[in-house]
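target.txt follows (compact mmCIF, C-alpha atoms and all ligand atoms):
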```
# COMPACT_ATOMS: atom_id res chain seq x y z
CA MET K 1 0.00 0.00 0.00
CA GLY K 2 1.35 3.49 -0.86
CA ASN K 3 1.73 6.10 1.83
CA PRO K 4 -1.59 8.01 1.77
CA SER K 5 -0.20 10.87 3.80
CA SER K 6 2.46 11.67 1.18
CA ALA K 7 0.28 14.02 -0.83
CA PRO K 8 1.44 15.02 -4.32
CA ASP K 9 2.11 18.68 -5.17
CA ALA K 10 -1.26 19.03 -6.88
CA ALA K 11 -2.94 18.12 -3.59
CA ARG K 12 -1.08 20.94 -1.82
CA GLU K 13 -2.35 23.35 -4.47
CA VAL K 14 -5.96 22.09 -4.36
CA PHE K 15 -6.36 21.61 -0.59
CA GLY K 16 -4.18 24.53 0.59
CA ASP K 17 -4.56 25.04 4.36
CA THR K 18 -6.95 22.10 4.59
CA LEU K 19 -4.30 19.59 3.43
CA PRO K 20 -3.57 18.21 6.96
CA LEU K 21 -7.27 17.30 7.32
CA ALA K 22 -7.30 15.73 3.86
CA GLU K 23 -4.22 13.69 4.81
CA ARG K 24 -5.94 12.35 7.94
CA TYR K 25 -8.99 11.40 5.87
CA ALA K 26 -6.70 9.70 3.31
CA GLU K 27 -5.12 7.63 6.09
CA PHE K 28 -8.53 6.65 7.48
CA LEU K 29 -9.67 5.62 3.99
CA ALA K 30 -6.51 3.61 3.34
CA ASP K 31 -6.79 1.83 6.72
CA ALA K 32 -10.39 1.48 7.92
CA GLY K 33 -11.86 2.04 4.45
CA VAL K 34 -9.94 -0.92 3.01
CA VAL K 35 -10.34 -3.19 6.06
CA ARG K 36 -14.12 -2.61 6.08
CA GLY K 37 -14.39 -3.12 2.31
CA LEU K 38 -15.49 0.43 1.48
CA ILE K 39 -12.75 0.90 -1.07
CA GLY K 40 -10.65 -1.69 -2.89
CA PRO K 41 -7.05 -2.31 -1.74
CA ARG K 42 -5.76 -1.12 -5.14
CA GLU K 43 -7.47 2.24 -4.63
CA ALA K 44 -5.35 2.92 -1.55
CA ASP K 45 -2.35 3.37 -3.84
CA ARG K 46 -4.07 5.99 -5.96
CA LEU K 47 -6.24 7.80 -3.46
CA TRP K 48 -5.03 11.28 -4.23
CA GLU K 49 -5.30 11.41 -8.03
CA ARG K 50 -8.36 9.22 -8.57
CA HIS K 51 -10.39 10.14 -5.54
CA LEU K 52 -9.35 13.08 -3.36
CA ILE K 53 -8.07 15.67 -5.85
CA ASN K 54 -10.55 14.49 -8.43
CA CYS K 55 -13.43 15.20 -6.00
CA ALA K 56 -11.96 18.35 -4.45
CA VAL K 57 -11.85 20.17 -7.80
CA VAL K 58 -15.66 19.93 -7.98
CA SER K 59 -15.58 22.81 -5.47
CA GLU K 60 -14.69 25.06 -8.44
CA ALA K 61 -18.38 24.76 -9.45
CA VAL K 62 -19.86 25.27 -5.95
CA PRO K 63 -20.84 28.80 -4.85
CA GLU K 64 -19.81 30.20 -1.46
CA ARG K 65 -21.75 29.04 1.62
CA ALA K 66 -23.89 26.67 -0.45
CA THR K 67 -25.89 23.84 1.07
CA VAL K 68 -24.73 20.60 -0.55
CA LEU K 69 -26.52 17.24 -0.54
CA ASP K 70 -24.29 14.35 -1.61
CA ILE K 71 -26.34 11.36 -2.79
CA GLY K 72 -24.76 7.94 -2.25
CA SER K 73 -21.64 9.17 -0.44
CA GLY K 74 -20.19 5.71 0.14
CA ALA K 75 -16.91 6.37 1.95
CA GLY K 76 -17.38 10.17 1.55
CA LEU K 77 -16.76 10.85 -2.13
CA PRO K 78 -17.23 13.57 -3.12
CA GLY K 79 -19.24 15.02 -0.17
CA LEU K 80 -16.75 14.63 2.65
CA VAL K 81 -13.91 15.89 0.49
CA LEU K 82 -15.95 19.01 -0.38
CA ALA K 83 -16.65 19.60 3.32
CA ILE K 84 -12.90 19.38 4.05
CA VAL K 85 -11.70 21.66 1.27
CA ARG K 86 -14.57 24.16 1.71
CA PRO K 87 -15.40 24.81 5.39
CA ASP K 88 -17.92 27.46 4.23
CA LEU K 89 -20.25 24.76 2.83
CA SER K 90 -22.97 22.90 4.77
CA VAL K 91 -22.83 19.33 3.54
CA THR K 92 -25.25 16.44 4.05
CA LEU K 93 -23.94 12.96 3.26
CA LEU K 94 -26.86 10.78 2.20
CA GLU K 95 -26.14 7.07 2.24
CA PRO K 96 -28.52 4.12 2.80
CA LEU K 97 -26.05 1.47 4.03
CA LEU K 98 -25.38 1.30 7.78
CA ARG K 99 -21.80 0.05 7.34
CA ARG K 100 -21.08 3.15 5.28
CA THR K 101 -22.90 5.70 7.46
CA THR K 102 -21.01 4.29 10.47
CA PHE K 103 -17.72 4.88 8.65
CA LEU K 104 -18.82 8.40 7.64
CA THR K 105 -19.93 9.32 11.16
CA GLU K 106 -16.58 8.14 12.55
CA ALA K 107 -14.68 10.08 9.89
CA VAL K 108 -16.63 13.29 10.61
CA ALA K 109 -15.95 12.92 14.36
CA MET K 110 -12.27 12.12 13.84
CA LEU K 111 -11.81 15.14 11.58
CA ASN K 112 -13.89 17.32 13.91
CA LEU K 113 -15.93 18.68 11.01
CA ALA K 114 -18.73 21.01 12.11
CA ASN K 115 -20.18 21.49 8.61
CA VAL K 116 -21.30 17.91 7.89
CA GLU K 117 -24.41 15.90 8.67
CA VAL K 118 -24.65 12.17 7.92
CA ARG K 119 -28.08 10.78 7.07
CA ARG K 120 -28.95 7.16 6.48
CA ALA K 121 -31.57 7.08 3.72
CA ARG K 122 -32.12 6.60 0.02
CA ALA K 123 -32.57 9.68 -2.15
CA GLU K 124 -36.15 8.68 -3.05
CA GLU K 125 -37.08 8.63 0.65
CA VAL K 126 -36.08 12.21 1.47
CA VAL K 127 -38.05 14.16 -1.14
CA GLY K 128 -39.56 17.21 0.56
CA ASP K 129 -36.84 17.30 3.25
CA TYR K 130 -34.28 19.32 1.26
CA GLN K 131 -34.13 22.41 -0.93
CA ALA K 132 -30.39 22.17 -1.54
CA ASP K 133 -28.35 24.69 -3.49
CA ILE K 134 -26.24 21.85 -4.90
CA VAL K 135 -26.72 18.08 -5.19
CA THR K 136 -23.60 16.04 -5.92
CA ALA K 137 -23.20 12.36 -6.80
CA ARG K 138 -20.44 10.09 -8.05
CA ALA K 139 -20.91 6.53 -9.34
CA VAL K 140 -24.43 6.21 -7.93
CA ALA K 141 -26.81 5.79 -10.88
CA PRO K 142 -27.14 6.62 -14.58
CA LEU K 143 -27.86 10.30 -15.13
CA ASP K 144 -31.52 9.86 -16.10
CA ARG K 145 -32.32 8.05 -12.82
CA LEU K 146 -30.07 10.35 -10.79
CA ALA K 147 -31.73 13.46 -12.22
CA GLY K 148 -35.13 12.05 -11.22
CA TRP K 149 -33.90 11.77 -7.62
CA ALA K 150 -31.88 14.98 -7.48
CA LEU K 151 -34.15 17.58 -9.09
CA PRO K 152 -36.91 17.34 -6.43
CA LEU K 153 -34.21 17.85 -3.75
CA LEU K 154 -32.97 21.15 -5.21
CA ARG K 155 -34.24 24.67 -4.62
CA PRO K 156 -35.46 26.50 -7.74
CA GLY K 157 -32.30 27.37 -9.72
CA GLY K 158 -30.20 24.86 -7.72
CA GLU K 159 -27.74 22.58 -9.50
CA LEU K 160 -27.01 18.89 -9.82
CA LEU K 161 -23.27 18.25 -10.27
CA ALA K 162 -22.89 14.63 -11.35
CA LEU K 163 -19.32 13.32 -11.56
CA LYS K 164 -19.16 11.19 -14.66
CA GLY K 165 -16.41 9.55 -16.64
CA GLU K 166 -15.93 8.96 -20.33
CA ARG K 167 -19.62 8.22 -20.98
CA ALA K 168 -20.75 11.62 -19.69
CA GLY K 169 -21.85 12.90 -23.10
CA GLN K 170 -23.81 9.76 -23.89
CA GLU K 171 -25.49 9.74 -20.47
CA LEU K 172 -26.46 13.36 -20.91
CA ALA K 173 -28.04 12.60 -24.29
CA GLU K 174 -29.97 9.67 -22.78
CA ALA K 175 -31.19 11.80 -19.88
CA ARG K 176 -32.63 14.60 -22.05
CA PRO K 177 -36.23 13.29 -21.96
CA VAL K 178 -36.19 13.16 -18.13
CA LEU K 179 -34.62 16.61 -17.94
CA LYS K 180 -37.27 17.96 -20.33
CA ARG K 181 -40.02 16.56 -18.11
CA PHE K 182 -38.58 18.58 -15.21
CA GLY K 183 -38.42 21.73 -17.36
CA VAL K 184 -34.61 21.85 -17.22
CA ARG K 185 -33.11 24.32 -19.65
CA THR K 186 -29.40 24.08 -18.82
CA ALA K 187 -27.56 20.77 -18.81
CA GLU K 188 -23.94 20.74 -19.88
CA LEU K 189 -20.59 19.00 -19.52
CA LEU K 190 -17.82 20.72 -17.54
CA ARG K 191 -14.20 19.66 -17.14
CA LEU K 192 -12.80 20.73 -13.80
CA GLY K 193 -9.29 20.70 -12.34
CA GLN K 194 -7.50 21.22 -15.65
CA GLY K 195 -3.76 21.15 -14.99
CA LYS K 196 -4.32 19.79 -11.48
CA VAL K 197 -5.62 16.31 -12.15
CA GLU K 198 -5.26 14.08 -15.19
CA PRO K 199 -7.70 13.42 -16.75
CA PRO K 200 -9.71 16.45 -15.54
CA THR K 201 -12.90 15.63 -13.61
CA THR K 202 -15.84 15.51 -16.00
CA ILE K 203 -19.14 16.55 -14.50
CA VAL K 204 -22.62 16.99 -15.86
CA ARG K 205 -24.12 20.22 -14.53
CA VAL K 206 -27.91 20.37 -14.53
CA VAL K 207 -29.62 23.59 -13.45
CA ALA K 208 -33.12 23.22 -11.98
CA GLU K 209 -35.95 25.41 -13.27
CA ARG K 210 -35.92 28.85 -11.60
CA THR K 211 -39.68 29.12 -11.26
CA PRO K 212 -42.03 26.37 -10.06
CA PRO K 213 -43.40 24.26 -12.96
CA ARG K 214 -46.43 25.77 -14.65
CA ARG K 215 -49.87 24.39 -13.77
CA ALA K 216 -50.76 21.44 -15.96
CA LYS K 217 -53.32 22.17 -18.72
CA GLY K 218 -56.92 21.79 -17.59
CA SER K 219 -56.18 22.14 -13.86
CA ARG K 220 -58.37 24.68 -12.10
CA LYS K 221 -57.15 27.87 -10.45
CA ARG K 222 -57.89 27.99 -6.74
CA SER K 223 -60.44 30.70 -5.96
CA SER K 224 -59.16 33.15 -3.38
C1 LIG G 1 -20.55 2.75 -6.22
S1 LIG G 1 -20.92 3.50 -4.71
C2 LIG G 1 -20.17 5.10 -4.91
C3 LIG G 1 -19.81 5.72 -3.59
C4 LIG G 1 -19.13 7.08 -3.69
N1 LIG G 1 -20.02 8.10 -4.21
C5 LIG G 1 -17.86 6.99 -4.51
O1 LIG G 1 -17.80 7.61 -5.56
O2 LIG G 1 -16.93 6.30 -4.09
C6 LIG G 1 -22.67 3.89 -4.82
C7 LIG G 1 -23.25 4.36 -3.52
O3 LIG G 1 -24.58 4.82 -3.74
C8 LIG G 1 -25.41 4.35 -2.70
N2 LIG G 1 -26.79 4.34 -3.22
C9 LIG G 1 -27.34 3.43 -4.05
N3 LIG G 1 -28.63 3.73 -4.32
C10 LIG G 1 -28.91 4.88 -3.62
C11 LIG G 1 -30.07 5.68 -3.47
N4 LIG G 1 -31.21 5.37 -4.07
N5 LIG G 1 -29.99 6.79 -2.68
C12 LIG G 1 -28.83 7.10 -2.07
N6 LIG G 1 -27.69 6.36 -2.18
C13 LIG G 1 -27.73 5.26 -2.94
C14 LIG G 1 -24.83 2.99 -2.35
O4 LIG G 1 -25.19 2.56 -1.05
C15 LIG G 1 -23.33 3.24 -2.49
O5 LIG G 1 -22.74 3.67 -1.29
```

Go through the file and emit its structure as structure tokens.
Ligand SMILES: C[S@@+](CC[C@H](N)C(=O)[O-])C[C@H]1O[C@@H](n2cnc3c(N)ncnc32)[C@H](O)[C@@H]1O
Amino acid sequence: MGNPSSAPDAAREVFGDTLPLAERYAEFLADAGVVRGLIGPREADRLWERHLINCAVVSEAVPERATVLDIGSGAGLPGLVLAIVRPDLSVTLLEPLLRRTTFLTEAVAMLNLANVEVRRARAEEVVGDYQADIVTARAVAPLDRLAGWALPLLRPGGELLALKGERAGQELAEARPVLKRFGVRTAELLRLGQGKVEPPTTIVRVVAERTPPRRAKGSRKRSS
């Protein structure tokens, strides 16, 4: 196993003052994360490039003091990394599996993070509980299904930032009908972390409708 605390130069640039916290999280992932089967042993050797820096650069697309809901956090990617690199954010880590929420709760306590809440639930179960500024997700579901979960959890004008790999363009094309149903007008690919991580992190950015959906045809106006 590589030494997770020996962060590459790019990590120093991306994490800045928060690097010591990121290093402690990297160690926890490489030890407890591997032992408990949350990440594969091979991943421990490439934590920084493939996981930590790759997730941290998503913060380039997150406005100041935003509320962030991370669907399917697993071992904390990208939600916990965003909470580390951006203490101004309020982050909820949503994860249905007990083994994983236990790991996340321990990580949050160990890192003494005041800006993170861990919630054990599936995205479909929490509709109505959140009006997040930003929903994030990595490796959770194809974009069309993910958009169906994420859009009802966003405030009007909020954004889904879905970390996707090489198939991002194809997934976006396949998700267009679902996005249209939700009245989404902006859905685009962004490449983040250029020059910091190779390949850059590809995300699909979906902006929720700014005004509530119009009343369906034929429905009656309420008399006042
Ligand atoms: C492949 S893992 C990815 C974990 C993490 N995001 C990462 O990139 O390493 C998928 C995660 O999504 C969670 N998940 C699956 N269906 C979900 C749902 N409907 N709502 C919330 N989380 C879900 C799983 O429990 C699992 O932790």

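Atom pair CA of Leu80 (chain K) / CA of Ala175 (chain K): separated by 26.9 Å.
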
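When only C-alpha atoms and all ligand atoms are used to compute distances to ligand LIG 1 (chain G), the closest of the residues K:Glu124, K:Glu188, K:Asp133, K:Glu166 turns out to be K:Glu124.
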
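With all atoms listed in the file as the atoms that count, the minimum distance from ligand LIG 1 (chain G) to the choices K:Ala208, K:Leu111, K:Leu93, K:Val35 is reached by K:Leu93.
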
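Neighbouring residues of ligand LIG 1 (chain G) at a cut-off of 6 Å, counting only C-alpha atoms and all ligand atoms, are K:Ile71, K:Gly72, K:Ser73, K:Gly74, K:Leu77, K:Leu94, K:Glu95, K:Pro96, K:Leu97, K:Arg122, K:Ala123, K:Ala137, K:Arg138, K:Ala139, K:Val140.
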
| message | Please report the interatomic distance between CA of Ala66 (chain K) and CA of Arg24 (chain K) in Å with one decimal. | response | 24.4 Å

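Nearest residue to Val91 (chain K), choosing from K:Pro41, K:Gly79, K:Gly193, K:Pro8 and counting only C-alpha atoms: K:Gly79.
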
| request: Excluding Gln194 (chain K) and residues on its chain fewer than 5 positions from it, collect all residues at most 12 Å away from it, counting only C-alpha atoms, and give them as a list of chain:residue names. | output: K:Ala10, K:Val14, K:Ile53, K:Asn54, K:Val57, K:Val58, K:Glu60, K:Pro199, K:Pro200, K:Thr201, K:Thr202

| query | Which of these residues is nearest to Leu154 (chain K), using all atoms listed in the file: K:Gln131, K:Asn115, K:Thr18, K:Thr102? | reply | K:Gln131

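For the pair CA of Lys196 (chain K) and CA of Pro142 (chain K), the interatomic distance is 26.5 Å.
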